[in-house]
file coords.csv (CSV, C-alpha atoms)
chain,number,residue,atom,x,y,z
G,1162,MET,CA,0.0,0.0,0.0
G,1163,HIS,CA,1.5,3.3,-1.0
G,1164,CYS,CA,1.3,6.3,1.4
G,1165,PRO,CA,-1.1,8.9,0.0
G,1166,TYR,CA,1.2,11.7,1.2
G,1167,CYS,CA,4.7,10.7,0.0
G,1168,ARG,CA,4.0,7.6,-2.2
G,1169,HIS,CA,6.4,5.5,0.0
G,1170,ASN,CA,5.5,1.8,-0.6
G,1171,ASP,CA,6.3,0.4,2.8
G,1172,THR,CA,3.4,1.2,5.0
G,1173,ARG,CA,2.3,-0.9,8.0
G,1174,VAL,CA,-1.1,-1.7,9.5
G,1175,LEU,CA,-1.6,-0.4,13.0
G,1176,ASP,CA,-5.2,-1.5,13.6
G,1177,SER,CA,-8.0,-3.4,11.6
G,1178,ARG,CA,-11.7,-3.2,12.4
G,1179,VAL,CA,-14.8,-4.6,10.7
G,1180,THR,CA,-17.2,-1.8,9.9
G,1181,ASP,CA,-20.7,-1.8,11.5
G,1182,ASP,CA,-22.4,-3.8,8.8
G,1183,GLY,CA,-19.6,-6.2,8.3
G,1184,ALA,CA,-19.3,-5.4,4.6
G,1185,ALA,CA,-15.8,-3.8,4.8
G,1186,ILE,CA,-12.7,-3.6,6.9
G,1187,ARG,CA,-11.2,-0.3,8.0
G,1188,ARG,CA,-7.4,-0.3,8.5
G,1189,ARG,CA,-5.4,2.4,10.3
G,1190,ARG,CA,-1.9,2.6,8.7
G,1191,SER,CA,1.3,4.5,9.1
G,1192,CYS,CA,4.1,5.4,6.8
G,1193,PRO,CA,7.5,4.9,8.5
G,1194,ALA,CA,9.5,8.0,9.2
G,1195,GLU,CA,12.7,6.3,8.3
G,1196,ASN,CA,13.9,5.0,4.9
G,1197,GLY,CA,12.2,7.8,2.9
G,1198,GLY,CA,8.8,7.7,4.5
G,1199,CYS,CA,6.9,10.7,6.0
G,1200,GLY,CA,5.7,9.3,9.3
G,1201,LYS,CA,2.1,10.2,8.7
G,1202,ARG,CA,-1.0,8.0,9.5
G,1203,PHE,CA,-3.9,7.3,7.2
G,1204,SER,CA,-6.9,5.0,6.9
G,1205,THR,CA,-8.0,2.6,4.2
G,1206,VAL,CA,-11.2,0.7,3.7
G,1207,GLU,CA,-11.3,-2.7,2.0
G,1208,GLN,CA,-14.6,-3.8,0.5
G,1209,MET,CA,-15.4,-7.1,-1.2
G,1210,GLN,CA,-16.3,-6.6,-4.9
G,1211,LEU,CA,-19.6,-8.2,-5.8
G,1212,VAL,CA,-19.7,-9.4,-9.4
G,1213,VAL,CA,-22.8,-10.2,-11.4
G,1214,VAL,CA,-22.5,-13.1,-14.0
G,1215,LYS,CA,-24.8,-12.5,-16.9
G,1216,ARG,CA,-26.5,-15.3,-18.9
G,1217,SER,CA,-23.9,-14.8,-21.6
G,1218,GLY,CA,-21.2,-15.6,-19.1
G,1219,ALA,CA,-19.9,-12.0,-19.1
G,1220,THR,CA,-19.3,-10.4,-15.7
G,1221,GLU,CA,-19.7,-6.9,-14.4
G,1222,PRO,CA,-19.5,-5.3,-11.0
G,1223,PHE,CA,-22.8,-5.2,-9.1
G,1224,ALA,CA,-24.4,-1.8,-9.5
G,1225,ARG,CA,-27.1,-1.0,-7.0
G,1226,GLU,CA,-28.4,1.8,-9.2
G,1227,LYS,CA,-28.9,-0.6,-12.1
G,1228,ALA,CA,-31.0,-2.9,-9.9
G,1229,ILE,CA,-33.0,0.1,-8.7
G,1230,ALA,CA,-33.6,1.3,-12.3
G,1231,GLY,CA,-35.5,-1.9,-13.1
G,1232,VAL,CA,-37.6,-1.6,-9.9
G,1233,ARG,CA,-38.2,2.1,-10.6
G,1234,LYS,CA,-40.1,1.1,-13.8
G,1235,ALA,CA,-42.3,-1.3,-11.9
G,1236,CYS,CA,-43.0,1.4,-9.3
G,1237,LYS,CA,-44.0,4.1,-11.8
G,1238,GLY,CA,-47.2,5.7,-10.7
G,1239,ARG,CA,-47.1,4.0,-7.3
G,1240,PRO,CA,-46.6,5.7,-3.9
G,1241,VAL,CA,-42.9,4.7,-3.7
G,1242,SER,CA,-40.3,7.3,-2.9
G,1243,GLU,CA,-36.6,7.5,-4.0
G,1244,ASP,CA,-35.7,6.8,-0.4
G,1245,ASP,CA,-37.8,3.7,-0.5
G,1246,LEU,CA,-36.0,2.6,-3.6
G,1247,SER,CA,-32.6,3.4,-2.1
G,1248,ARG,CA,-33.4,1.3,1.0
G,1249,LEU,CA,-34.6,-1.6,-1.3
G,1250,GLY,CA,-31.3,-1.4,-3.2
G,1251,GLN,CA,-29.4,-1.5,0.0
G,1252,ARG,CA,-31.4,-4.5,1.2
G,1253,VAL,CA,-30.8,-6.4,-2.1
G,1254,GLU,CA,-27.0,-5.7,-1.9
G,1255,ASP,CA,-26.9,-6.7,1.7
G,1256,SER,CA,-28.8,-9.9,1.1
G,1257,LEU,CA,-26.4,-10.9,-1.7
G,1258,ARG,CA,-23.4,-10.2,0.4
G,1259,VAL,CA,-24.8,-12.1,3.4
G,1260,GLU,CA,-25.4,-15.1,1.1
G,1261,GLY,CA,-21.6,-15.1,0.5
G,1262,TRP,CA,-21.7,-14.5,-3.2
G,1263,ALA,CA,-18.5,-13.3,-4.8
G,1264,GLU,CA,-19.9,-13.9,-8.3
G,1265,VAL,CA,-23.7,-13.8,-8.2
G,1266,PRO,CA,-25.7,-15.0,-11.2
G,1267,ALA,CA,-27.9,-12.3,-12.6
G,1268,HIS,CA,-31.0,-14.4,-11.9
G,1269,GLU,CA,-30.2,-14.3,-8.2
G,1270,VAL,CA,-30.2,-10.5,-8.3
G,1271,GLY,CA,-33.7,-10.6,-9.5
G,1272,MET,CA,-34.7,-13.1,-6.9
G,1273,ALA,CA,-33.2,-10.9,-4.2
G,1274,ILE,CA,-35.3,-8.0,-5.4
G,1275,LEU,CA,-38.6,-9.9,-5.2
G,1276,THR,CA,-39.1,-10.2,-1.4
G,1277,PRO,CA,-38.3,-6.6,-0.4
G,1278,LEU,CA,-40.3,-5.3,-3.4
G,1279,ARG,CA,-43.3,-7.3,-2.3
G,1280,GLU,CA,-43.1,-5.8,1.2
G,1281,LEU,CA,-42.8,-2.3,-0.3
G,1282,ASP,CA,-45.6,-2.4,-2.8
G,1283,GLU,CA,-47.6,-5.4,-4.0
G,1284,VAL,CA,-48.7,-3.8,-7.3
G,1285,ALA,CA,-45.0,-2.9,-8.2
G,1286,TYR,CA,-44.1,-6.5,-7.1
G,1287,LEU,CA,-46.7,-7.9,-9.5
G,1288,ARG,CA,-45.4,-5.8,-12.3
G,1289,PHE,CA,-41.8,-6.7,-11.7
G,1290,ALA,CA,-42.6,-10.4,-11.2
G,1291,SER,CA,-44.7,-10.5,-14.4
G,1292,VAL,CA,-41.6,-9.5,-16.4
G,1293,TYR,CA,-39.0,-11.3,-14.4
G,1294,ARG,CA,-40.9,-14.6,-14.3
G,1295,ALA,CA,-42.3,-14.1,-17.8
G,1296,PHE,CA,-46.0,-14.3,-17.0
G,1297,GLU,CA,-47.8,-15.5,-20.1
G,1298,SER,CA,-51.5,-15.1,-19.2
G,1299,ALA,CA,-54.0,-13.7,-16.7
G,1300,ASP,CA,-53.8,-17.1,-15.0
G,1301,ASP,CA,-50.2,-16.4,-14.0
G,1302,PHE,CA,-51.3,-13.1,-12.4
G,1303,GLU,CA,-54.2,-14.8,-10.6
G,1304,ALA,CA,-51.9,-17.5,-9.2
G,1305,GLU,CA,-49.4,-14.9,-7.9
G,1306,ILE,CA,-52.2,-12.8,-6.4
G,1307,ALA,CA,-53.6,-15.9,-4.7
G,1308,LEU,CA,-50.1,-16.5,-3.2
G,1309,LEU,CA,-49.9,-12.9,-2.0
G,1310,ARG,CA,-53.3,-13.3,-0.3
G,1311,ALA,CA,-52.5,-16.7,1.3
G,1312,GLU,CA,-49.2,-15.4,2.7
G,1313,ARG,CA,-50.8,-12.3,4.3
G,1314,PRO,CA,-51.0,-12.5,8.1
G,1315,ALA,CA,-54.4,-13.4,9.5
G,1316,GLY,CA,-56.5,-10.3,10.1
G,1317,ALA,CA,-54.3,-8.1,7.9
G,1318,VAL,CA,-56.1,-5.5,5.9
G,1319,GLU,CA,-55.7,-5.7,2.2
G,1320,PRO,CA,-54.4,-2.5,0.5
G,1321,GLY,CA,-57.2,-0.3,-0.4
G,1322,GLU,CA,-59.5,-1.6,2.3
G,1323,SER,CA,-60.5,0.1,5.5
G,1324,ALA,CA,-59.7,-1.5,8.8
G,1325,ARG,CA,-63.2,-0.6,10.1
G,1326,PRO,CA,-66.4,-2.3,8.8
G,1327,GLN,CA,-68.2,0.0,6.4
G,1328,PRO,CA,-71.8,0.8,7.2
G,1329,GLN,CA,-74.2,-0.9,4.8
G,1330,PRO,CA,-76.8,1.2,3.0
G,1331,GLY,CA,-80.0,0.6,4.5
call {"tool": "encode", "arguments": {"input": "coords.csv", "output": "structure tokens"}}
result
Amino acid sequence: MHCPYCRHNDTRVLDSRVTDDGAAIRRRRSCPAENGGCGKRFSTVEQMQLVVVKRSGATEPFAREKAIAGVRKACKGRPVSEDDLSRLGQRVEDSLRVEGWAEVPAHEVGMAILTPLRELDEVAYLRFASVYRAFESADDFEAEIALLRAERPAGAVEPGESARPQPQPG
């Protein structure tokens, strides 16, 4: 590691710590004052590079913004903010890292998006899933909607419904 102050190439690690989320290591380093060094201290951060393997076999670094861009299309016209999308992107990246992927198949990125998107907005989830899973008919939508309803906690209110019984016209 070169010193950022004097470019001396013989620095030493004084302390290493895992960052709060465990995704990186922070190292405190020093440049020796002897043998041409400057004696200054500096910090470095090491982070694992997450790589996406496309169907063609080509690889590219994981880009959270690219994952969010696909979800953004599914969320068009829905009450989903940019902050919601940023948090979703962070959750997707975190889940891929926790799984221990160094090279993650592109298909797994899509799978990692589905669960947090479903929690964020069911309509956007259906839109994304219909493209991602290549729905071919209304039956595919109906089956997915049935799954969403079946997995809802007992007593949960469906979106668009009121929690209180509505008075019946009399």
call {"tool": "closest_residue", "arguments": {"input": "coords.csv", "among": "G:Gly1271, G:Gly1261, G:Gly1250, G:Pro1314", "to": "Leu1211 in chain G", "atoms": "all atoms listed in the file"}}
result
G:Gly1261
call {"tool": "residues_around", "arguments": {"input": "coords.csv", "residues": "Arg1178 in chain G", "least_positions_apart": "4", "cutoff": "7 Å", "atoms": "only C-alpha atoms", "output": "PyMOL selection string"}}
result
chain G and resi 1186-1188
call {"tool": "residues_around", "arguments": {"input": "coords.csv", "residues": "Ala1273 in chain G", "least_positions_apart": "4", "cutoff": "10 Å", "atoms": "only C-alpha atoms", "output": "ChimeraX atom specification"}}
result
/G:1249-1250,1252-1257,1268-1269,1277-1278
call {"tool": "atom_distance", "arguments": {"input": "coords.csv", "atom1": "CA of Tyr1293 in chain G", "atom2": "CA of Glu1221 in chain G"}}
result
19.8 Å
call {"tool": "closest_residue", "arguments": {"input": "coords.csv", "among": "G:Tyr1166, G:Phe1296, G:Trp1262, G:Phe1289", "to": "Cys1199 in chain G", "atoms": "all atoms listed in the file"}}
result
G:Tyr1166
call {"tool": "atom_distance", "arguments": {"input": "coords.csv", "atom1": "CA of Phe1203 in chain G", "atom2": "CA of Cys1164 in chain G"}}
result
7.9 Å
call {"tool": "atom_distance", "arguments": {"input": "coords.csv", "atom1": "CA of Arg1168 in chain G", "atom2": "CA of Arg1190 in chain G"}}
result
13.4 Å
call {"tool": "closest_residue", "arguments": {"input": "coords.csv", "among": "G:Ser1191, G:Gln1251, G:Gln1208, G:Thr1276", "to": "Ala1224 in chain G", "atoms": "all atoms listed in the file"}}
result
G:Gln1251
call {"tool": "residues_around", "arguments": {"input": "coords.csv", "residues": "Pro1222 in chain G", "least_positions_apart": "3", "cutoff": "8 Å", "atoms": "only C-alpha atoms", "output": "short mmCIF file (atom, residue, chain, number, x, y, z; two decimals) with C-alpha atoms, in the frame of the given file"}}
result
data_model
loop_
_atom_site.label_atom_id
_atom_site.label_comp_id
_atom_site.auth_asym_id
_atom_site.auth_seq_id
_atom_site.Cartn_x
_atom_site.Cartn_y
_atom_site.Cartn_z
CA GLN G 1210 -16.30 -6.60 -4.90
CA LEU G 1211 -19.60 -8.20 -5.80
CA VAL G 1212 -19.70 -9.40 -9.40
CA VAL G 1213 -22.80 -10.20 -11.40
#
call {"tool": "closest_residue", "arguments": {"input": "coords.csv", "among": "G:Ala1267, G:Ala1295, G:Val1241, G:Leu1175", "to": "Leu1281 in chain G", "atoms": "only C-alpha atoms"}}
result
G:Val1241
call {"tool": "residues_near_point", "arguments": {"input": "coords.csv", "point": "(-41.0, 1.4, -10.7)", "cutoff": "12 Å", "atoms": "all atoms listed in the file", "output": "PyMOL selection string"}}
result
chain G and resi 1228-1243+1245-1246+1249+1278+1281-1290
call {"tool": "write_last_selection", "arguments": {"input": "coords.csv", "atoms": "C-alpha atoms", "output": "mmCIF file, in the coordinates of the input"}}
result
data_model
loop_
_atom_site.group_PDB
_atom_site.id
_atom_site.type_symbol
_atom_site.label_atom_id
_atom_site.label_comp_id
_atom_site.auth_asym_id
_atom_site.auth_seq_id
_atom_site.Cartn_x
_atom_site.Cartn_y
_atom_site.Cartn_z
ATOM 1 C CA ALA G 1228 -31.000 -2.900 -9.900
ATOM 2 C CA ILE G 1229 -33.000 0.100 -8.700
ATOM 3 C CA ALA G 1230 -33.600 1.300 -12.300
ATOM 4 C CA GLY G 1231 -35.500 -1.900 -13.100
ATOM 5 C CA VAL G 1232 -37.600 -1.600 -9.900
ATOM 6 C CA ARG G 1233 -38.200 2.100 -10.600
ATOM 7 C CA LYS G 1234 -40.100 1.100 -13.800
ATOM 8 C CA ALA G 1235 -42.300 -1.300 -11.900
ATOM 9 C CA CYS G 1236 -43.000 1.400 -9.300
ATOM 10 C CA LYS G 1237 -44.000 4.100 -11.800
ATOM 11 C CA GLY G 1238 -47.200 5.700 -10.700
ATOM 12 C CA ARG G 1239 -47.100 4.000 -7.300
ATOM 13 C CA PRO G 1240 -46.600 5.700 -3.900
ATOM 14 C CA VAL G 1241 -42.900 4.700 -3.700
ATOM 15 C CA SER G 1242 -40.300 7.300 -2.900
ATOM 16 C CA GLU G 1243 -36.600 7.500 -4.000
ATOM 17 C CA ASP G 1245 -37.800 3.700 -0.500
ATOM 18 C CA LEU G 1246 -36.000 2.600 -3.600
ATOM 19 C CA LEU G 1249 -34.600 -1.600 -1.300
ATOM 20 C CA LEU G 1278 -40.300 -5.300 -3.400
ATOM 21 C CA LEU G 1281 -42.800 -2.300 -0.300
ATOM 22 C CA ASP G 1282 -45.600 -2.400 -2.800
ATOM 23 C CA GLU G 1283 -47.600 -5.400 -4.000
ATOM 24 C CA VAL G 1284 -48.700 -3.800 -7.300
ATOM 25 C CA ALA G 1285 -45.000 -2.900 -8.200
ATOM 26 C CA TYR G 1286 -44.100 -6.500 -7.100
ATOM 27 C CA LEU G 1287 -46.700 -7.900 -9.500
ATOM 28 C CA ARG G 1288 -45.400 -5.800 -12.300
ATOM 29 C CA PHE G 1289 -41.800 -6.700 -11.700
ATOM 30 C CA ALA G 1290 -42.600 -10.400 -11.200
#
call {"tool": "decode", "arguments": {"input": "coords.csv", "residues": "range 1252-1290 of chain G", "atoms": "N, CA and C atoms", "output": "PDB file, in the first residue's frame"}}
result
ATOM      1  N   ARG G1252     -30.982  -3.215   0.736  1.00  0.00           N
ATOM      2  CA  ARG G1252     -31.395  -4.541   1.214  1.00  0.00           C
ATOM      3  C   ARG G1252     -30.990  -5.631   0.240  1.00  0.00           C
ATOM      4  N   VAL G1253     -31.153  -5.366  -1.055  1.00  0.00           N
ATOM      5  CA  VAL G1253     -30.792  -6.350  -2.076  1.00  0.00           C
ATOM      6  C   VAL G1253     -29.293  -6.623  -2.011  1.00  0.00           C
ATOM      7  N   GLU G1254     -28.501  -5.560  -2.000  1.00  0.00           N
ATOM      8  CA  GLU G1254     -27.044  -5.738  -1.947  1.00  0.00           C
ATOM      9  C   GLU G1254     -26.627  -6.458  -0.665  1.00  0.00           C
ATOM     10  N   ASP G1255     -27.199  -6.061   0.463  1.00  0.00           N
ATOM     11  CA  ASP G1255     -26.863  -6.708   1.735  1.00  0.00           C
ATOM     12  C   ASP G1255     -27.208  -8.190   1.706  1.00  0.00           C
ATOM     13  N   SER G1256     -28.375  -8.524   1.158  1.00  0.00           N
ATOM     14  CA  SER G1256     -28.777  -9.937   1.139  1.00  0.00           C
ATOM     15  C   SER G1256     -27.842 -10.767   0.255  1.00  0.00           C
ATOM     16  N   LEU G1257     -27.381 -10.189  -0.848  1.00  0.00           N
ATOM     17  CA  LEU G1257     -26.444 -10.908  -1.719  1.00  0.00           C
ATOM     18  C   LEU G1257     -25.099 -11.107  -1.013  1.00  0.00           C
ATOM     19  N   ARG G1258     -24.653 -10.089  -0.300  1.00  0.00           N
ATOM     20  CA  ARG G1258     -23.383 -10.202   0.426  1.00  0.00           C
ATOM     21  C   ARG G1258     -23.487 -11.214   1.567  1.00  0.00           C
ATOM     22  N   VAL G1259     -24.615 -11.200   2.285  1.00  0.00           N
ATOM     23  CA  VAL G1259     -24.812 -12.129   3.399  1.00  0.00           C
ATOM     24  C   VAL G1259     -24.827 -13.573   2.910  1.00  0.00           C
ATOM     25  N   GLU G1260     -25.360 -13.777   1.711  1.00  0.00           N
ATOM     26  CA  GLU G1260     -25.378 -15.123   1.138  1.00  0.00           C
ATOM     27  C   GLU G1260     -23.972 -15.614   0.807  1.00  0.00           C
ATOM     28  N   GLY G1261     -23.005 -14.706   0.786  1.00  0.00           N
ATOM     29  CA  GLY G1261     -21.625 -15.089   0.540  1.00  0.00           C
ATOM     30  C   GLY G1261     -21.238 -15.126  -0.928  1.00  0.00           C
ATOM     31  N   TRP G1262     -22.050 -14.524  -1.786  1.00  0.00           N
ATOM     32  CA  TRP G1262     -21.737 -14.515  -3.207  1.00  0.00           C
ATOM     33  C   TRP G1262     -20.521 -13.628  -3.467  1.00  0.00           C
ATOM     34  N   ALA G1263     -19.562 -14.133  -4.231  1.00  0.00           N
ATOM     35  CA  ALA G1263     -18.497 -13.301  -4.788  1.00  0.00           C
ATOM     36  C   ALA G1263     -18.878 -13.008  -6.233  1.00  0.00           C
ATOM     37  N   GLU G1264     -19.386 -14.042  -6.909  1.00  0.00           N
ATOM     38  CA  GLU G1264     -19.923 -13.900  -8.268  1.00  0.00           C
ATOM     39  C   GLU G1264     -21.360 -14.399  -8.226  1.00  0.00           C
ATOM     40  N   VAL G1265     -22.282 -13.480  -8.365  1.00  0.00           N
ATOM     41  CA  VAL G1265     -23.698 -13.808  -8.247  1.00  0.00           C
ATOM     42  C   VAL G1265     -24.338 -13.877  -9.632  1.00  0.00           C
ATOM     43  N   PRO G1266     -25.038 -14.969  -9.943  1.00  0.00           N
ATOM     44  CA  PRO G1266     -25.744 -15.031 -11.224  1.00  0.00           C
ATOM     45  C   PRO G1266     -26.807 -13.928 -11.298  1.00  0.00           C
ATOM     46  N   ALA G1267     -26.986 -13.344 -12.455  1.00  0.00           N
ATOM     47  CA  ALA G1267     -27.950 -12.255 -12.641  1.00  0.00           C
ATOM     48  C   ALA G1267     -29.341 -12.667 -12.166  1.00  0.00           C
ATOM     49  N   HIS G1268     -29.694 -13.918 -12.369  1.00  0.00           N
ATOM     50  CA  HIS G1268     -30.997 -14.430 -11.939  1.00  0.00           C
ATOM     51  C   HIS G1268     -31.177 -14.258 -10.430  1.00  0.00           C
ATOM     52  N   GLU G1269     -30.120 -14.459  -9.666  1.00  0.00           N
ATOM     53  CA  GLU G1269     -30.197 -14.335  -8.205  1.00  0.00           C
ATOM     54  C   GLU G1269     -30.406 -12.888  -7.774  1.00  0.00           C
ATOM     55  N   VAL G1270     -29.906 -11.940  -8.567  1.00  0.00           N
ATOM     56  CA  VAL G1270     -30.155 -10.527  -8.257  1.00  0.00           C
ATOM     57  C   VAL G1270     -31.656 -10.262  -8.333  1.00  0.00           C
ATOM     58  N   GLY G1271     -32.290 -10.758  -9.389  1.00  0.00           N
ATOM     59  CA  GLY G1271     -33.736 -10.608  -9.527  1.00  0.00           C
ATOM     60  C   GLY G1271     -34.491 -11.269  -8.391  1.00  0.00           C
ATOM     61  N   MET G1272     -34.053 -12.441  -7.993  1.00  0.00           N
ATOM     62  CA  MET G1272     -34.701 -13.135  -6.882  1.00  0.00           C
ATOM     63  C   MET G1272     -34.549 -12.340  -5.582  1.00  0.00           C
ATOM     64  N   ALA G1273     -33.406 -11.719  -5.390  1.00  0.00           N
ATOM     65  CA  ALA G1273     -33.163 -10.935  -4.182  1.00  0.00           C
ATOM     66  C   ALA G1273     -34.030  -9.672  -4.150  1.00  0.00           C
ATOM     67  N   ILE G1274     -34.458  -9.212  -5.305  1.00  0.00           N
ATOM     68  CA  ILE G1274     -35.309  -8.016  -5.391  1.00  0.00           C
ATOM     69  C   ILE G1274     -36.749  -8.343  -5.002  1.00  0.00           C
ATOM     70  N   LEU G1275     -37.229  -9.524  -5.321  1.00  0.00           N
ATOM     71  CA  LEU G1275     -38.650  -9.853  -5.173  1.00  0.00           C
ATOM     72  C   LEU G1275     -39.190  -9.690  -3.754  1.00  0.00           C
ATOM     73  N   THR G1276     -38.528 -10.219  -2.758  1.00  0.00           N
ATOM     74  CA  THR G1276     -39.070 -10.166  -1.393  1.00  0.00           C
ATOM     75  C   THR G1276     -39.180  -8.736  -0.861  1.00  0.00           C
ATOM     76  N   PRO G1277     -38.104  -7.927  -0.906  1.00  0.00           N
ATOM     77  CA  PRO G1277     -38.278  -6.559  -0.393  1.00  0.00           C
ATOM     78  C   PRO G1277     -39.260  -5.730  -1.221  1.00  0.00           C
ATOM     79  N   LEU G1278     -39.354  -5.996  -2.526  1.00  0.00           N
ATOM     80  CA  LEU G1278     -40.310  -5.260  -3.351  1.00  0.00           C
ATOM     81  C   LEU G1278     -41.741  -5.634  -2.980  1.00  0.00           C
ATOM     82  N   ARG G1279     -41.959  -6.893  -2.686  1.00  0.00           N
ATOM     83  CA  ARG G1279     -43.297  -7.344  -2.282  1.00  0.00           C
ATOM     84  C   ARG G1279     -43.722  -6.662  -0.988  1.00  0.00           C
ATOM     85  N   GLU G1280     -42.773  -6.494  -0.062  1.00  0.00           N
ATOM     86  CA  GLU G1280     -43.066  -5.813   1.201  1.00  0.00           C
ATOM     87  C   GLU G1280     -43.301  -4.322   0.984  1.00  0.00           C
ATOM     88  N   LEU G1281     -42.646  -3.750  -0.013  1.00  0.00           N
ATOM     89  CA  LEU G1281     -42.752  -2.314  -0.287  1.00  0.00           C
ATOM     90  C   LEU G1281     -44.066  -1.955  -0.982  1.00  0.00           C
ATOM     91  N   ASP G1282     -44.408  -2.688  -2.050  1.00  0.00           N
ATOM     92  CA  ASP G1282     -45.607  -2.358  -2.817  1.00  0.00           C
ATOM     93  C   ASP G1282     -46.025  -3.587  -3.634  1.00  0.00           C
ATOM     94  N   GLU G1283     -47.182  -4.129  -3.324  1.00  0.00           N
ATOM     95  CA  GLU G1283     -47.627  -5.363  -3.984  1.00  0.00           C
ATOM     96  C   GLU G1283     -47.878  -5.177  -5.476  1.00  0.00           C
ATOM     97  N   VAL G1284     -48.392  -4.012  -5.877  1.00  0.00           N
ATOM     98  CA  VAL G1284     -48.652  -3.781  -7.302  1.00  0.00           C
ATOM     99  C   VAL G1284     -47.334  -3.727  -8.061  1.00  0.00           C
ATOM    100  N   ALA G1285     -46.364  -2.995  -7.524  1.00  0.00           N
ATOM    101  CA  ALA G1285     -45.047  -2.926  -8.165  1.00  0.00           C
ATOM    102  C   ALA G1285     -44.414  -4.322  -8.207  1.00  0.00           C
ATOM    103  N   TYR G1286     -44.612  -5.088  -7.137  1.00  0.00           N
ATOM    104  CA  TYR G1286     -44.105  -6.458  -7.100  1.00  0.00           C
ATOM    105  C   TYR G1286     -44.704  -7.285  -8.229  1.00  0.00           C
ATOM    106  N   LEU G1287     -46.026  -7.186  -8.420  1.00  0.00           N
ATOM    107  CA  LEU G1287     -46.672  -7.950  -9.493  1.00  0.00           C
ATOM    108  C   LEU G1287     -46.156  -7.526 -10.866  1.00  0.00           C
ATOM    109  N   ARG G1288     -45.951  -6.235 -11.042  1.00  0.00           N
ATOM    110  CA  ARG G1288     -45.416  -5.751 -12.317  1.00  0.00           C
ATOM    111  C   ARG G1288     -44.023  -6.318 -12.565  1.00  0.00           C
ATOM    112  N   PHE G1289     -43.164  -6.229 -11.540  1.00  0.00           N
ATOM    113  CA  PHE G1289     -41.791  -6.716 -11.683  1.00  0.00           C
ATOM    114  C   PHE G1289     -41.775  -8.228 -11.891  1.00  0.00           C
ATOM    115  N   ALA G1290     -42.551  -8.937 -11.083  1.00  0.00           N
ATOM    116  CA  ALA G1290     -42.590 -10.402 -11.180  1.00  0.00           C
ATOM    117  C   ALA G1290     -43.126 -10.856 -12.535  1.00  0.00           C
TER     118      ALA G1290
END
